[in-house]
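**Student:** Sharing a structure, written as structure tokens. Questions coming.
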Amino acid sequence: MGWNSWDCYGTTVTEKEVLANAEFMAEHLLPHGWDTVVVDISWSDPTARSHGYNEGAPLVVDDHGRPQPAPNRFPSAAGGAGFGPLADRVHALGLRFGVHVMRGIPRVATERDLPVLGTDATARDIADPGERCEWNPDNDGLDHGHPAAQAYYDSAVAQLAGWGVDFIKADDMLWPYRRADIEAYALAILRSGRPIELSLSPGRDVATTRLEHLRAHATMWRVCDDLWDRWEDVEANFARLARWAPFASPAGWPDGDMLPLGHIGIRAERGEDRHSLLTAAEQRTLVTLWVVARSPLMMGGDLPTSSPETIALLTNDAVLDVLRHSTDNREVLREGELVLWAARSTTTPSRYAAVFHLGDAPAVVDVQLGNVGAARGWRATDLWSGEPVPTDGDWLRPAVEPHGTRLLRLDPT
């Protein structure tokens, strides 16, 4: 559970903005379990801009081709300090610090033919220009047939570990599926000696046949492409999370992507400065689906300038209890405009039911108590409002808004 700079600042986030979000998180969200702050893509580009990437960007790298924070955006990185000072300040708030990395080696390192630390090889020996990312021009791929390719990842991750990085979002790893890069990066983390969580992106067309490999090498992995504040993006993740949720466990977490809530698009890759275009009901649906599927939660909006209503979505402890203390989470019914999920509490006899209405008009939804593991006479409570929900014999008949949800806890009497 954390914050990521992508949805609000794209490639352009600054040290001041990272710290503002970290300080807000420590004061308002940390008591509810939110504990990680992540600097997303292009932090080594001093010329980064909104709405895209720079071809031929003058990335800041060290003498061994390893990305360095651009000092004009991260002043504390001057003099070779890297992210160390910023990580220290985030840690002092009781939070963890994360960064984004791209697969491969910066093209500026290849062009300068910089030496690979600890080897006799150079960047040109290990670079594979034919394996560049299709949507980001910054890096060459790596030739994993050359032993120095692993040495490069080892040196890059060792530097991140030395700066105090706790979380790495490694991009361009899953489309197509980059088995060699995933294994090499996971090995580099292991060799660093620091416990670092590894998140893999972007997640287009990732099949469950990859499950054991993903679990062996990563903490979490995306199951979709970038998700924005459009109902069609949220609705498309119902099927994906239904497919992946049965596999969510401490062995690894399928990731539905960041929450495009609150103040986003400030200098983002997509769209203009705005507050989330999802309706209030759609926003509750988004959070409910991620929670009942036990997806990681990464807030995408700028925390200090998001509304109190947005922060309330992130700090409802009764809702977050479902994320932390439930099991057997799964979609149990999909008929027409009704989607029904069920789960069991790991700490009480309670059952959870997430009732989703995908229709465009309000509806009263009929749910059999037995479909969610409850029985006649059980009490139902709406976890978003805290209010009781009447039952009718063997049935629940909650009213649900368009594109809305009711997240219910059911308790035996």
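Convention: chains lettered A, B, ... in structure tokens order; per-chain residue numbering from 1; ligands numbered from 1 as shown.
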Give me the residues near Trp175 in chain A as a list in words, where near means some atom within 9 Å (using only C-alpha atoms) and where sequence neighbours in that chain fewer than 6 positions away do not count.
**Tutor:** Ser201, Pro202, Gly203, Arg204, Asp205 and Val206 of chain A
**Student:** List every residue of range 119-270 of chain A that DSSP, applied to the backbone, labels as strand (DSSP E or B), and write the result as a PyMOL selection string.
**Tutor:** chain A and resi 122+127-128+139-142+167-171+174+177+197-200+220-222+249+252-255+259+263-264
**Student:** For Ala361 in chain A, list every protein, DNA or RNA residue within 9 Å, evaluated using only C-alpha atoms, and leave out those in the same chain fewer than 6 positions away; present the list as a PyMOL selection string.
**Tutor:** chain A and resi 401-403
**Student:** What lies within 12 Å of Trp395 in chain A using only C-alpha atoms, ignoring chain neighbours under 4 positions off, as number ranges by chain?
**Tutor:** A: 364-372, 374-380, 389-391
**Student:** Looking at only C-alpha atoms, which of A:Thr122, A:Ala248, A:Ile189, A:Glu269 is the one that sits closest to Pro147 in chain A?
**Tutor:** A:Thr122
**Student:** Set out as JSON lines a contact list for range 175-247 of chain A and range 34-55 of chain A with a cut-off of 12 Å, giving each residue of range 175-247 of chain A that qualifies its closest atom pair and distance in Å to one decimal, counting only C-alpha atoms, ordered by chain and rising residue number.
**Tutor:**
{"residue": "A:Ile196", "atom": "CA", "partner": "A:Thr36", "partner_atom": "CA", "distance": 12.0}
{"residue": "A:Glu197", "atom": "CA", "partner": "A:Thr36", "partner_atom": "CA", "distance": 10.8}
{"residue": "A:Ser199", "atom": "CA", "partner": "A:Val38", "partner_atom": "CA", "distance": 11.2}
{"residue": "A:Ser201", "atom": "CA", "partner": "A:Ile41", "partner_atom": "CA", "distance": 11.8}
**Student:** Could you pull the residues within 7 Å of range 98-108 of chain A, counting only C-alpha atoms, minus those fewer than 4 positions along the same chain, as a PDB file with N, CA, C and O atoms, in the first residue's frame?
**Tutor:**
ATOM      1  N   THR A  36       4.495   3.162   1.597  1.00  0.00           N
ATOM      2  CA  THR A  36       5.525   3.135   0.559  1.00  0.00           C
ATOM      3  C   THR A  36       5.348   4.309  -0.394  1.00  0.00           C
ATOM      4  O   THR A  36       4.230   4.587  -0.844  1.00  0.00           O
ATOM      5  N   VAL A  37       6.455   4.987  -0.715  1.00  0.00           N
ATOM      6  CA  VAL A  37       6.458   6.123  -1.636  1.00  0.00           C
ATOM      7  C   VAL A  37       7.366   5.773  -2.809  1.00  0.00           C
ATOM      8  O   VAL A  37       8.538   5.435  -2.613  1.00  0.00           O
ATOM      9  N   VAL A  38       6.825   5.844  -4.037  1.00  0.00           N
ATOM     10  CA  VAL A  38       7.553   5.377  -5.215  1.00  0.00           C
ATOM     11  C   VAL A  38       7.725   6.510  -6.226  1.00  0.00           C
ATOM     12  O   VAL A  38       6.745   7.142  -6.638  1.00  0.00           O
ATOM     13  N   VAL A  39       8.988   6.742  -6.630  1.00  0.00           N
ATOM     14  CA  VAL A  39       9.310   7.679  -7.698  1.00  0.00           C
ATOM     15  C   VAL A  39       9.254   6.915  -9.011  1.00  0.00           C
ATOM     16  O   VAL A  39      10.039   5.996  -9.238  1.00  0.00           O
ATOM     17  N   ASP A  40       8.341   7.301  -9.888  1.00  0.00           N
ATOM     18  CA  ASP A  40       8.176   6.548 -11.126  1.00  0.00           C
ATOM     19  C   ASP A  40       9.174   7.012 -12.193  1.00  0.00           C
ATOM     20  O   ASP A  40      10.173   7.673 -11.901  1.00  0.00           O
ATOM     21  N   ILE A  41       8.908   6.688 -13.431  1.00  0.00           N
ATOM     22  CA  ILE A  41       9.843   6.652 -14.559  1.00  0.00           C
ATOM     23  C   ILE A  41      10.558   7.982 -14.852  1.00  0.00           C
ATOM     24  O   ILE A  41      10.063   9.062 -14.552  1.00  0.00           O
ATOM     25  N   LEU A  59      20.045  11.408 -20.384  1.00  0.00           N
ATOM     26  CA  LEU A  59      19.943  10.816 -19.054  1.00  0.00           C
ATOM     27  C   LEU A  59      21.238  10.999 -18.272  1.00  0.00           C
ATOM     28  O   LEU A  59      22.338  10.907 -18.829  1.00  0.00           O
ATOM     29  N   GLY A  65      27.537   3.683 -16.290  1.00  0.00           N
ATOM     30  CA  GLY A  65      26.282   3.596 -17.024  1.00  0.00           C
ATOM     31  C   GLY A  65      25.050   3.391 -16.175  1.00  0.00           C
ATOM     32  O   GLY A  65      23.982   3.041 -16.699  1.00  0.00           O
ATOM     33  N   ARG A 112      28.428   5.995 -25.163  1.00  0.00           N
ATOM     34  CA  ARG A 112      29.739   6.361 -24.592  1.00  0.00           C
ATOM     35  C   ARG A 112      30.617   5.135 -24.343  1.00  0.00           C
ATOM     36  O   ARG A 112      31.777   5.285 -23.966  1.00  0.00           O
ATOM     37  N   ALA A 127      25.011  -4.593 -24.667  1.00  0.00           N
ATOM     38  CA  ALA A 127      23.772  -3.981 -25.157  1.00  0.00           C
ATOM     39  C   ALA A 127      23.215  -4.752 -26.350  1.00  0.00           C
ATOM     40  O   ALA A 127      23.953  -5.283 -27.173  1.00  0.00           O
ATOM     41  N   ASP A 138      14.568   5.157 -24.011  1.00  0.00           N
ATOM     42  CA  ASP A 138      15.744   5.477 -23.202  1.00  0.00           C
ATOM     43  C   ASP A 138      16.810   4.384 -23.186  1.00  0.00           C
ATOM     44  O   ASP A 138      18.000   4.691 -23.063  1.00  0.00           O
ATOM     45  N   ASN A 139      16.409   3.115 -23.253  1.00  0.00           N
ATOM     46  CA  ASN A 139      17.347   2.022 -22.986  1.00  0.00           C
ATOM     47  C   ASN A 139      17.512   1.085 -24.171  1.00  0.00           C
ATOM     48  O   ASN A 139      16.580   0.887 -24.959  1.00  0.00           O
ATOM     49  N   ASP A 140      18.698   0.490 -24.262  1.00  0.00           N
ATOM     50  CA  ASP A 140      18.892  -0.702 -25.066  1.00  0.00           C
ATOM     51  C   ASP A 140      18.555  -1.919 -24.216  1.00  0.00           C
ATOM     52  O   ASP A 140      18.647  -1.878 -22.980  1.00  0.00           O
ATOM     53  N   GLY A 141      18.200  -3.025 -24.894  1.00  0.00           N
ATOM     54  CA  GLY A 141      18.078  -4.283 -24.180  1.00  0.00           C
ATOM     55  C   GLY A 141      19.446  -4.813 -23.802  1.00  0.00           C
ATOM     56  O   GLY A 141      20.492  -4.227 -24.114  1.00  0.00           O
ATOM     57  N   LEU A 142      19.458  -5.936 -23.089  1.00  0.00           N
ATOM     58  CA  LEU A 142      20.704  -6.585 -22.690  1.00  0.00           C
ATOM     59  C   LEU A 142      20.824  -7.948 -23.377  1.00  0.00           C
ATOM     60  O   LEU A 142      19.836  -8.662 -23.541  1.00  0.00           O
ATOM     61  N   VAL A 165      16.970   1.953  -1.110  1.00  0.00           N
ATOM     62  CA  VAL A 165      15.728   1.652  -1.822  1.00  0.00           C
ATOM     63  C   VAL A 165      15.122   0.359  -1.265  1.00  0.00           C
ATOM     64  O   VAL A 165      15.819  -0.637  -1.072  1.00  0.00           O
ATOM     65  N   ASP A 166      13.800   0.394  -1.028  1.00  0.00           N
ATOM     66  CA  ASP A 166      13.077  -0.745  -0.461  1.00  0.00           C
ATOM     67  C   ASP A 166      12.157  -1.431  -1.471  1.00  0.00           C
ATOM     68  O   ASP A 166      11.688  -2.542  -1.223  1.00  0.00           O
ATOM     69  N   PHE A 167      11.877  -0.752  -2.579  1.00  0.00           N
ATOM     70  CA  PHE A 167      10.868  -1.222  -3.525  1.00  0.00           C
ATOM     71  C   PHE A 167      11.309  -0.811  -4.919  1.00  0.00           C
ATOM     72  O   PHE A 167      11.681   0.346  -5.138  1.00  0.00           O
ATOM     73  N   ILE A 168      11.292  -1.750  -5.862  1.00  0.00           N
ATOM     74  CA  ILE A 168      11.668  -1.458  -7.244  1.00  0.00           C
ATOM     75  C   ILE A 168      10.524  -1.858  -8.160  1.00  0.00           C
ATOM     76  O   ILE A 168      10.068  -3.002  -8.144  1.00  0.00           O
ATOM     77  N   LYS A 169      10.068  -0.907  -8.957  1.00  0.00           N
ATOM     78  CA  LYS A 169       9.103  -1.180 -10.016  1.00  0.00           C
ATOM     79  C   LYS A 169       9.880  -1.323 -11.315  1.00  0.00           C
ATOM     80  O   LYS A 169      10.373  -0.337 -11.857  1.00  0.00           O
ATOM     81  N   ALA A 170      10.015  -2.546 -11.800  1.00  0.00           N
ATOM     82  CA  ALA A 170      10.794  -2.822 -13.004  1.00  0.00           C
ATOM     83  C   ALA A 170       9.846  -2.911 -14.192  1.00  0.00           C
ATOM     84  O   ALA A 170       8.936  -3.746 -14.225  1.00  0.00           O
ATOM     85  N   ASP A 171      10.107  -2.060 -15.192  1.00  0.00           N
ATOM     86  CA  ASP A 171       9.170  -1.880 -16.301  1.00  0.00           C
ATOM     87  C   ASP A 171       9.656  -2.562 -17.575  1.00  0.00           C
ATOM     88  O   ASP A 171      10.834  -2.841 -17.750  1.00  0.00           O
ATOM     89  N   ASP A 172       8.697  -2.761 -18.478  1.00  0.00           N
ATOM     90  CA  ASP A 172       8.913  -3.446 -19.756  1.00  0.00           C
ATOM     91  C   ASP A 172       9.397  -4.875 -19.531  1.00  0.00           C
ATOM     92  O   ASP A 172      10.224  -5.394 -20.267  1.00  0.00           O
ATOM     93  N   MET A 173       8.850  -5.517 -18.516  1.00  0.00           N
ATOM     94  CA  MET A 173       9.248  -6.885 -18.166  1.00  0.00           C
ATOM     95  C   MET A 173       8.236  -7.945 -18.621  1.00  0.00           C
ATOM     96  O   MET A 173       8.578  -9.125 -18.687  1.00  0.00           O
TER      97      MET A 173
END
**Student:** For a quick check of understanding, using only C-alpha atoms, which of A:Arg210, A:His217, A:Arg66, A:Arg179 has the smallest distance to Tyr153 in chain A?
**Tutor:** A:Arg66
**Student:** Measure the distance from CA of Thr208 in chain A to CA of Val157 in chain A in Å and round it to one decimal.
**Tutor:**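 Between these atoms lies a distance of 27.8 Å.
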**Student:** If we count only C-alpha atoms and set the cut-off at 12 Å, which residues sit around Ala20 in chain A, ignoring sequence neighbours fewer than 4 positions away in its own chain? Please answer as a list of chain:residue names.
**Tutor:** A:Trp3, A:Ser5, A:Val13, A:Thr14, A:Glu15, A:Lys16, A:Phe24, A:Met25, A:Ala26, A:Glu27, A:Val37, A:Leu86, A:Arg89, A:Val90, A:Leu93, A:Asp302, A:Leu303, A:Pro304, A:Thr305
**Student:** Using only C-alpha atoms, determine which residues lie at most 7 Å from Gly256 in chain A, disregarding the query and same-chain residues fewer than 2 positions distant; provide the list as a ChimeraX atom specification.
**Tutor:** /A:222-224,254,258,290,295
**Student:** To one decimal in Å, tell me the separation between CA of Ala354 in chain A and CA of Leu214 in chain A.
**Tutor:**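 Calculated distance between CA of Ala354 in chain A and CA of Leu214 in chain A is 27.7 Å.
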**Student:** According to DSSP computed on the backbone, where in range 188-397 of chain A is there helix (DSSP H, G or I)? Give the residues as number ranges by chain.
**Tutor:** A: 188-192, 208-217, 231-247, 280-292, 308-314, 317-324, 369-372
